[in-house]
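J.: Quick one: the structure is below, questions incoming.
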Amino acid sequence: IRKYGLLAAWACFVGYGVFFAPEVVDGSSKQLLADILDPSKLSTVNPIFFAIFNLLGVWPAVMASLLFPLKPKSQNLPASPFVFGSFALGAFALTPYLALTDYDDDTDKESSLSQFFQNKITSAFLLIFTIGLYSYGCGFFAPNILNGGSDYSIDVLVYSYFKGFLELFKSIKLANVSSCDFIFLWLLSSKPLYEDMKRRGWLKDAGDLPLFLSFMLAPVIGACLWLVVRPDLPEMSRTSLKRPE
């Protein structure tokens, strides 16, 4: 059921992104992308969308950190083409792999990719970068362009940014599909996060579900925090899978 459900959701998302996502003015997505990539135009880009767009570059690194140590069951489909493809295509690239893959209790901790993405320095960088983007999206570091830069309180700024973001979401395909992709990747991360926590001894029965939810419910930040605090696989027993004291 999970496999077919994910594939059906993936097909619907592809169809929506290609045929139904709004583009009120032709070429507006290209212009928005050009503005995001041009540092001199940063003040013209909605901070919330800027944060979401850049967090789409963090999600694949988080998924790589969760997926590379896992060992697929009874299939040789490698994760790396799908994970690296998701840096450009997001959930469009990653969903088929997650739909078709189940995991053994064993792990793959020896590969160079697995070791790199389990490195605590990599994890800490992802967490710091994510916190910075969240802060920017909330208006703490974003340029204040309201009414010529008047000194508004942060709640007024955030409300204005959110209102502007909704306008982008309803009128520009790039903003709409990118935002949907962000949510899709967040939902997709639940299974790899659960499997990784289980193999490292933090999930052993239903009573540990609140612990899993505490990392899952904060998009990107929760997963990045888990990457920082998770124990190393070599220190864990593959048979007992007990939470470290």
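Residues in the structure tokens are named by chain (A, B, ... in the order shown) and by number from 1 within that chain; ligands are numbered from 1 in the order shown.
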Could you tell me, as a ChimeraX atom specification, which residues of segment 102-232 of chain A DSSP assigns to alpha helix (DSSP H) when given the backbone?
T.: /A:112-118,120-137,154-171,173-188,190-199,209-216,221-229
J.: Compile a residue-level contact table for segment 68-177 of chain A against segment 181-194 of chain A at a cut-off of 12 Å, reporting for every qualifying residue the shortest atom pair and its distance in Å to one decimal, with only C-alpha atoms counted, rows ordered by chain and ascending number, as a Markdown table.
T.:
| residue | atom | partner | partner_atom | distance |
| --- | --- | --- | --- | --- |
| A:Phe68 | CA | A:Pro192 | CA | 9.8 |
| A:Pro69 | CA | A:Pro192 | CA | 10.0 |
| A:Leu70 | CA | A:Pro192 | CA | 8.3 |
| A:Lys71 | CA | A:Pro192 | CA | 11.2 |
| A:Pro72 | CA | A:Pro192 | CA | 11.4 |
| A:Ala79 | CA | A:Pro192 | CA | 11.9 |
| A:Val83 | CA | A:Leu185 | CA | 11.5 |
| A:Ser86 | CA | A:Leu185 | CA | 9.6 |
| A:Phe87 | CA | A:Leu185 | CA | 11.5 |
| A:Ala88 | CA | A:Asp181 | CA | 11.4 |
| A:Leu89 | CA | A:Asp181 | CA | 9.0 |
| A:Gly90 | CA | A:Asp181 | CA | 6.5 |
| A:Ala91 | CA | A:Leu185 | CA | 5.7 |
| A:Phe92 | CA | A:Asp181 | CA | 8.1 |
| A:Ala93 | CA | A:Leu185 | CA | 10.6 |
| A:Leu94 | CA | A:Leu185 | CA | 8.5 |
| A:Thr95 | CA | A:Leu188 | CA | 7.5 |
| A:Pro96 | CA | A:Leu188 | CA | 10.9 |
| A:Tyr97 | CA | A:Leu188 | CA | 10.8 |
| A:Leu98 | CA | A:Leu188 | CA | 7.8 |
| A:Ala99 | CA | A:Leu188 | CA | 9.6 |
| A:Thr101 | CA | A:Pro192 | CA | 10.5 |
| A:Asp102 | CA | A:Lys191 | CA | 9.8 |
| A:Tyr103 | CA | A:Pro192 | CA | 9.5 |
| A:Lys173 | CA | A:Asp181 | CA | 11.7 |
| A:Leu174 | CA | A:Asp181 | CA | 10.3 |
| A:Ala175 | CA | A:Asp181 | CA | 9.8 |
| A:Asn176 | CA | A:Asp181 | CA | 8.6 |
| A:Val177 | CA | A:Asp181 | CA | 5.9 |
J.: Generate the output file for the selected residues, N, CA and C atoms, as a PDB file, in the first residue's frame.
T.:
ATOM      1  N   PHE A  68      21.854   7.096   3.194  1.00  0.00           N
ATOM      2  CA  PHE A  68      23.087   6.391   2.841  1.00  0.00           C
ATOM      3  C   PHE A  68      23.509   5.346   3.874  1.00  0.00           C
ATOM      4  N   PRO A  69      23.278   5.589   5.189  1.00  0.00           N
ATOM      5  CA  PRO A  69      23.632   4.531   6.146  1.00  0.00           C
ATOM      6  C   PRO A  69      22.670   3.342   6.153  1.00  0.00           C
ATOM      7  N   LEU A  70      21.494   3.476   5.545  1.00  0.00           N
ATOM      8  CA  LEU A  70      20.528   2.378   5.523  1.00  0.00           C
ATOM      9  C   LEU A  70      20.861   1.404   4.404  1.00  0.00           C
ATOM     10  N   LYS A  71      20.585   0.129   4.649  1.00  0.00           N
ATOM     11  CA  LYS A  71      20.857  -0.898   3.633  1.00  0.00           C
ATOM     12  C   LYS A  71      19.535  -1.409   3.066  1.00  0.00           C
ATOM     13  N   PRO A  72      19.289  -1.214   1.763  1.00  0.00           N
ATOM     14  CA  PRO A  72      18.035  -1.683   1.160  1.00  0.00           C
ATOM     15  C   PRO A  72      17.898  -3.200   1.251  1.00  0.00           C
ATOM     16  N   ALA A  79      20.835   4.515  -3.842  1.00  0.00           N
ATOM     17  CA  ALA A  79      20.164   5.749  -3.439  1.00  0.00           C
ATOM     18  C   ALA A  79      20.786   6.983  -4.078  1.00  0.00           C
ATOM     19  N   VAL A  83      19.112  10.682  -4.750  1.00  0.00           N
ATOM     20  CA  VAL A  83      19.409  11.727  -3.771  1.00  0.00           C
ATOM     21  C   VAL A  83      20.047  12.933  -4.456  1.00  0.00           C
ATOM     22  N   SER A  86      17.740  14.889  -6.481  1.00  0.00           N
ATOM     23  CA  SER A  86      16.790  15.710  -5.722  1.00  0.00           C
ATOM     24  C   SER A  86      17.340  17.101  -5.428  1.00  0.00           C
ATOM     25  N   PHE A  87      18.653  17.308  -5.570  1.00  0.00           N
ATOM     26  CA  PHE A  87      19.191  18.662  -5.413  1.00  0.00           C
ATOM     27  C   PHE A  87      18.635  19.582  -6.504  1.00  0.00           C
ATOM     28  N   ALA A  88      18.327  19.005  -7.662  1.00  0.00           N
ATOM     29  CA  ALA A  88      17.755  19.799  -8.757  1.00  0.00           C
ATOM     30  C   ALA A  88      16.250  19.638  -8.863  1.00  0.00           C
ATOM     31  N   LEU A  89      15.751  18.425  -8.577  1.00  0.00           N
ATOM     32  CA  LEU A  89      14.351  18.120  -8.843  1.00  0.00           C
ATOM     33  C   LEU A  89      13.534  17.839  -7.584  1.00  0.00           C
ATOM     34  N   GLY A  90      14.144  17.871  -6.427  1.00  0.00           N
ATOM     35  CA  GLY A  90      13.416  17.684  -5.183  1.00  0.00           C
ATOM     36  C   GLY A  90      12.696  16.348  -5.103  1.00  0.00           C
ATOM     37  N   ALA A  91      11.452  16.394  -4.642  1.00  0.00           N
ATOM     38  CA  ALA A  91      10.661  15.178  -4.468  1.00  0.00           C
ATOM     39  C   ALA A  91      10.374  14.479  -5.788  1.00  0.00           C
ATOM     40  N   PHE A  92      10.418  15.206  -6.902  1.00  0.00           N
ATOM     41  CA  PHE A  92      10.200  14.579  -8.209  1.00  0.00           C
ATOM     42  C   PHE A  92      11.226  13.464  -8.438  1.00  0.00           C
ATOM     43  N   ALA A  93      12.470  13.663  -7.983  1.00  0.00           N
ATOM     44  CA  ALA A  93      13.521  12.674  -8.184  1.00  0.00           C
ATOM     45  C   ALA A  93      13.548  11.626  -7.082  1.00  0.00           C
ATOM     46  N   LEU A  94      13.233  12.014  -5.849  1.00  0.00           N
ATOM     47  CA  LEU A  94      13.453  11.138  -4.702  1.00  0.00           C
ATOM     48  C   LEU A  94      12.305  10.173  -4.428  1.00  0.00           C
ATOM     49  N   THR A  95      11.086  10.559  -4.763  1.00  0.00           N
ATOM     50  CA  THR A  95       9.928   9.746  -4.398  1.00  0.00           C
ATOM     51  C   THR A  95       9.962   8.336  -4.976  1.00  0.00           C
ATOM     52  N   PRO A  96      10.307   8.118  -6.256  1.00  0.00           N
ATOM     53  CA  PRO A  96      10.321   6.742  -6.762  1.00  0.00           C
ATOM     54  C   PRO A  96      11.232   5.815  -5.968  1.00  0.00           C
ATOM     55  N   TYR A  97      12.396   6.312  -5.560  1.00  0.00           N
ATOM     56  CA  TYR A  97      13.304   5.467  -4.769  1.00  0.00           C
ATOM     57  C   TYR A  97      12.679   5.098  -3.432  1.00  0.00           C
ATOM     58  N   LEU A  98      12.103   6.060  -2.744  1.00  0.00           N
ATOM     59  CA  LEU A  98      11.509   5.784  -1.437  1.00  0.00           C
ATOM     60  C   LEU A  98      10.302   4.863  -1.549  1.00  0.00           C
ATOM     61  N   ALA A  99       9.584   4.956  -2.661  1.00  0.00           N
ATOM     62  CA  ALA A  99       8.428   4.086  -2.856  1.00  0.00           C
ATOM     63  C   ALA A  99       8.844   2.639  -3.087  1.00  0.00           C
ATOM     64  N   THR A 101      11.692   1.077  -2.072  1.00  0.00           N
ATOM     65  CA  THR A 101      12.749   0.573  -1.195  1.00  0.00           C
ATOM     66  C   THR A 101      12.241   0.264   0.196  1.00  0.00           C
ATOM     67  N   ASP A 102      12.585  -0.940   0.676  1.00  0.00           N
ATOM     68  CA  ASP A 102      12.473  -1.305   2.086  1.00  0.00           C
ATOM     69  C   ASP A 102      13.886  -1.547   2.610  1.00  0.00           C
ATOM     70  N   TYR A 103      14.016  -1.667   3.940  1.00  0.00           N
ATOM     71  CA  TYR A 103      15.355  -1.681   4.514  1.00  0.00           C
ATOM     72  C   TYR A 103      15.571  -2.878   5.419  1.00  0.00           C
ATOM     73  N   LYS A 173       4.291  29.938 -10.676  1.00  0.00           N
ATOM     74  CA  LYS A 173       4.489  28.488 -10.627  1.00  0.00           C
ATOM     75  C   LYS A 173       5.721  28.111  -9.815  1.00  0.00           C
ATOM     76  N   LEU A 174       6.812  28.828  -9.972  1.00  0.00           N
ATOM     77  CA  LEU A 174       8.029  28.501  -9.233  1.00  0.00           C
ATOM     78  C   LEU A 174       7.788  28.546  -7.735  1.00  0.00           C
ATOM     79  N   ALA A 175       7.125  29.573  -7.245  1.00  0.00           N
ATOM     80  CA  ALA A 175       6.838  29.688  -5.818  1.00  0.00           C
ATOM     81  C   ALA A 175       5.873  28.606  -5.364  1.00  0.00           C
ATOM     82  N   ASN A 176       4.869  28.339  -6.161  1.00  0.00           N
ATOM     83  CA  ASN A 176       3.858  27.346  -5.810  1.00  0.00           C
ATOM     84  C   ASN A 176       4.449  25.936  -5.744  1.00  0.00           C
ATOM     85  N   VAL A 177       5.125  25.530  -6.804  1.00  0.00           N
ATOM     86  CA  VAL A 177       5.660  24.168  -6.862  1.00  0.00           C
ATOM     87  C   VAL A 177       6.792  23.985  -5.858  1.00  0.00           C
TER      88      VAL A 177
END
J.: State, in Å with one decimal place, the distance from atom CA of Phe116 of chain A to atom CA of Ala61 of chain A.
T.: 10.6 Å
J.: Mind giving me the straight-line distance from atom CA of Phe117 of chain A to atom CA of Ser65 of chain A in Å, one decimal?
T.: 4.7 Å
J.: If you measure from atom CA of Leu157 of chain A to atom CA of Ile52 of chain A, what distance in Å do you get, rounded to one decimal?
T.: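 Atom CA of Ile52 of chain A lies 17.2 Å from atom CA of Leu157 of chain A.
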J.: Please produce, as a tab-separated table, a per-residue contact table for segment 88-204 of chain A versus segment 34-50 of chain A (criterion: any atom at most 9 Å away, only C-alpha atoms considered), showing the nearest atom pair and its distance in Å to one decimal, sorted by chain then residue number.
T.:
residue	atom	partner	partner_atom	distance
A:Leu133	CA	A:Phe50	CA	8.3
A:Tyr134	CA	A:Ile48	CA	8.3
A:Tyr136	CA	A:Pro47	CA	6.4
A:Gly137	CA	A:Ile48	CA	4.2
A:Cys138	CA	A:Ile48	CA	7.0
A:Gly139	CA	A:Pro47	CA	6.9
A:Ala142	CA	A:Pro47	CA	6.3
A:Pro143	CA	A:Ser43	CA	5.8
A:Asn144	CA	A:Ser43	CA	8.0
A:Ile145	CA	A:Ser43	CA	7.2
A:Val158	CA	A:Ile48	CA	8.7
A:Tyr161	CA	A:Asn46	CA	6.3
A:Phe162	CA	A:Ile48	CA	6.9
A:Gly164	CA	A:Asn46	CA	6.7
A:Phe165	CA	A:Phe49	CA	6.3
A:Leu168	CA	A:Phe49	CA	8.4
A:Phe169	CA	A:Phe49	CA	8.9
A:Ala175	CA	A:Phe49	CA	6.9
A:Ser178	CA	A:Phe49	CA	8.7
A:Ser179	CA	A:Phe49	CA	7.8
J.: Since we have the selection now, will you write its residues out, keeping all heavy atoms, as a short mmCIF file (atom, residue, chain, number, x, y, z; two decimals), in the first residue's frame?
T.:
data_model
loop_
_atom_site.label_atom_id
_atom_site.label_comp_id
_atom_site.auth_asym_id
_atom_site.auth_seq_id
_atom_site.Cartn_x
_atom_site.Cartn_y
_atom_site.Cartn_z
N LEU A 133 18.42 30.34 7.73
CA LEU A 133 17.36 30.55 6.74
C LEU A 133 16.01 30.76 7.40
O LEU A 133 15.21 31.61 6.97
CB LEU A 133 17.31 29.37 5.78
CG LEU A 133 18.45 29.27 4.77
CD1 LEU A 133 18.38 27.97 3.99
CD2 LEU A 133 18.40 30.46 3.80
N TYR A 134 15.72 30.01 8.46
CA TYR A 134 14.48 30.23 9.20
C TYR A 134 14.44 31.64 9.77
O TYR A 134 13.40 32.33 9.72
CB TYR A 134 14.34 29.20 10.32
CG TYR A 134 13.48 28.02 9.99
CD1 TYR A 134 13.99 26.91 9.31
CD2 TYR A 134 12.13 28.00 10.34
CE1 TYR A 134 13.20 25.82 9.00
CE2 TYR A 134 11.32 26.90 10.06
CZ TYR A 134 11.86 25.82 9.38
OH TYR A 134 11.08 24.75 9.08
N TYR A 136 16.03 34.27 8.66
CA TYR A 136 15.86 35.21 7.56
C TYR A 136 14.40 35.25 7.11
O TYR A 136 13.83 36.33 6.88
CB TYR A 136 16.76 34.83 6.40
CG TYR A 136 16.76 35.82 5.26
CD1 TYR A 136 17.65 36.88 5.24
CD2 TYR A 136 15.85 35.70 4.20
CE1 TYR A 136 17.65 37.81 4.21
CE2 TYR A 136 15.83 36.62 3.17
CZ TYR A 136 16.74 37.67 3.17
OH TYR A 136 16.72 38.58 2.14
N GLY A 137 13.79 34.08 6.98
CA GLY A 137 12.39 34.02 6.56
C GLY A 137 11.45 34.69 7.56
O GLY A 137 10.38 35.20 7.18
N CYS A 138 11.84 34.70 8.85
CA CYS A 138 11.02 35.36 9.87
C CYS A 138 11.29 36.86 9.96
O CYS A 138 10.70 37.54 10.80
CB CYS A 138 11.26 34.71 11.23
SG CYS A 138 10.59 33.05 11.37
N GLY A 139 12.22 37.35 9.14
CA GLY A 139 12.45 38.79 9.08
C GLY A 139 13.57 39.32 9.94
O GLY A 139 13.78 40.53 9.98
N ALA A 142 16.33 39.85 7.15
CA ALA A 142 15.87 40.27 5.82
C ALA A 142 15.84 41.79 5.73
O ALA A 142 15.57 42.48 6.72
CB ALA A 142 14.48 39.70 5.55
N PRO A 143 16.11 42.33 4.55
CA PRO A 143 16.05 43.79 4.39
C PRO A 143 14.63 44.30 4.55
O PRO A 143 13.69 43.74 4.01
CB PRO A 143 16.56 44.01 2.97
CG PRO A 143 16.33 42.71 2.26
CD PRO A 143 16.51 41.65 3.31
N ASN A 144 14.47 45.38 5.32
CA ASN A 144 13.15 45.97 5.54
C ASN A 144 12.87 46.98 4.43
O ASN A 144 13.47 48.05 4.40
CB ASN A 144 13.13 46.65 6.91
CG ASN A 144 11.77 47.29 7.21
OD1 ASN A 144 10.83 47.17 6.41
ND2 ASN A 144 11.68 47.99 8.32
N ILE A 145 11.98 46.61 3.54
CA ILE A 145 11.65 47.49 2.41
C ILE A 145 10.24 48.05 2.53
O ILE A 145 9.73 48.66 1.60
CB ILE A 145 11.81 46.75 1.07
CG1 ILE A 145 10.90 45.53 1.03
CG2 ILE A 145 13.26 46.35 0.83
CD1 ILE A 145 10.89 44.83 -0.33
N VAL A 158 6.63 40.18 9.63
CA VAL A 158 6.32 38.79 9.30
C VAL A 158 4.95 38.69 8.64
O VAL A 158 4.78 37.94 7.67
CB VAL A 158 6.39 37.90 10.56
CG1 VAL A 158 5.85 36.50 10.26
CG2 VAL A 158 7.82 37.82 11.07
N TYR A 161 5.38 39.84 5.12
CA TYR A 161 6.10 38.85 4.33
C TYR A 161 5.20 37.66 3.99
O TYR A 161 5.23 37.13 2.89
CB TYR A 161 7.34 38.36 5.07
CG TYR A 161 8.39 39.43 5.30
CD1 TYR A 161 9.24 39.36 6.40
CD2 TYR A 161 8.53 40.50 4.43
CE1 TYR A 161 10.20 40.34 6.62
CE2 TYR A 161 9.49 41.48 4.64
CZ TYR A 161 10.32 41.39 5.73
OH TYR A 161 11.27 42.36 5.94
N PHE A 162 4.40 37.23 4.98
CA PHE A 162 3.52 36.09 4.75
C PHE A 162 2.44 36.42 3.72
O PHE A 162 2.11 35.60 2.86
CB PHE A 162 2.87 35.65 6.07
CG PHE A 162 2.03 34.41 5.95
CD1 PHE A 162 2.61 33.18 5.73
CD2 PHE A 162 0.64 34.49 6.04
CE1 PHE A 162 1.83 32.03 5.60
CE2 PHE A 162 -0.14 33.35 5.91
CZ PHE A 162 0.47 32.11 5.70
N GLY A 164 2.75 38.60 1.32
CA GLY A 164 3.43 38.61 0.02
C GLY A 164 3.72 37.22 -0.48
O GLY A 164 3.62 36.94 -1.68
N PHE A 165 4.07 36.31 0.45
CA PHE A 165 4.33 34.93 0.05
C PHE A 165 3.07 34.27 -0.51
O PHE A 165 3.13 33.55 -1.52
CB PHE A 165 4.85 34.13 1.24
CG PHE A 165 4.90 32.65 1.00
CD1 PHE A 165 5.85 32.09 0.17
CD2 PHE A 165 3.98 31.81 1.61
CE1 PHE A 165 5.89 30.73 -0.07
CE2 PHE A 165 4.00 30.45 1.38
CZ PHE A 165 4.97 29.91 0.54
N LEU A 168 2.59 35.29 -4.03
CA LEU A 168 3.49 34.54 -4.92
C LEU A 168 2.98 33.12 -5.14
O LEU A 168 2.98 32.61 -6.27
CB LEU A 168 4.90 34.49 -4.33
CG LEU A 168 5.71 35.77 -4.28
CD1 LEU A 168 7.05 35.52 -3.60
CD2 LEU A 168 5.93 36.32 -5.69
N PHE A 169 2.54 32.49 -4.06
CA PHE A 169 2.08 31.10 -4.13
C PHE A 169 0.89 30.97 -5.07
O PHE A 169 0.77 29.97 -5.80
CB PHE A 169 1.70 30.62 -2.73
CG PHE A 169 1.28 29.18 -2.67
CD1 PHE A 169 2.23 28.17 -2.57
CD2 PHE A 169 -0.06 28.83 -2.69
CE1 PHE A 169 1.85 26.83 -2.50
CE2 PHE A 169 -0.46 27.50 -2.63
CZ PHE A 169 0.50 26.50 -2.54
N ALA A 175 7.12 29.57 -7.25
CA ALA A 175 6.84 29.69 -5.82
C ALA A 175 5.87 28.61 -5.36
O ALA A 175 6.03 28.02 -4.29
CB ALA A 175 6.27 31.07 -5.51
N SER A 178 7.63 24.99 -5.68
CA SER A 178 8.73 24.89 -4.71
C SER A 178 8.19 24.72 -3.30
O SER A 178 8.72 23.92 -2.51
CB SER A 178 9.62 26.13 -4.77
OG SER A 178 10.26 26.25 -6.02
N SER A 179 7.14 25.45 -2.96
CA SER A 179 6.55 25.34 -1.63
C SER A 179 5.91 23.97 -1.42
O SER A 179 6.06 23.36 -0.35
CB SER A 179 5.51 26.44 -1.42
OG SER A 179 6.09 27.72 -1.60
#
J.: Between A:Ala218, A:Leu211, A:Ala51, A:Leu100, which one has atoms that come closest to Ser135 of chain A, using only C-alpha atoms?
T.: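 For Ser135 of chain A, the nearest of the given residues is A:Ala51.
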J.: Rank A:Ala206, A:Ile131, A:Val62, A:Leu67 by their smallest atom-to-atom distance to Trp226 of chain A, using only C-alpha atoms, and report the top residue only.
T.: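 Checking each of A:Ala206, A:Ile131, A:Val62, A:Leu67 against Trp226 of chain A, counting only C-alpha atoms, the winner is A:Val62.
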J.: Just the residues within 12 Å of Asp208 of chain A, please, counting only C-alpha atoms, with nothing from its chain fewer than 4 positions along; format it as a list of chain:residue names.
T.: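 Once the adjacent positions are removed, what remains is A:Tyr194, A:Met197, A:Lys198, A:Gly201, A:Trp202, A:Leu203, A:Lys204, A:Phe212, A:Leu213, A:Ser214, A:Phe215, A:Lys242, A:Arg243.
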J.: Would you mind writing down, as a ChimeraX atom specification, each residue of segment 102-207 of chain A that DSSP on the backbone assigns to strand (DSSP E)?
T.: /A:103-107
J.: Excluding same-chain residues fewer than 2 positions from Thr122 of chain A, what lies within 12 Å of it counting only C-alpha atoms, as a ChimeraX atom specification?
T.: /A:58,61-62,64-65,113-120,124-129,224-225,227-228
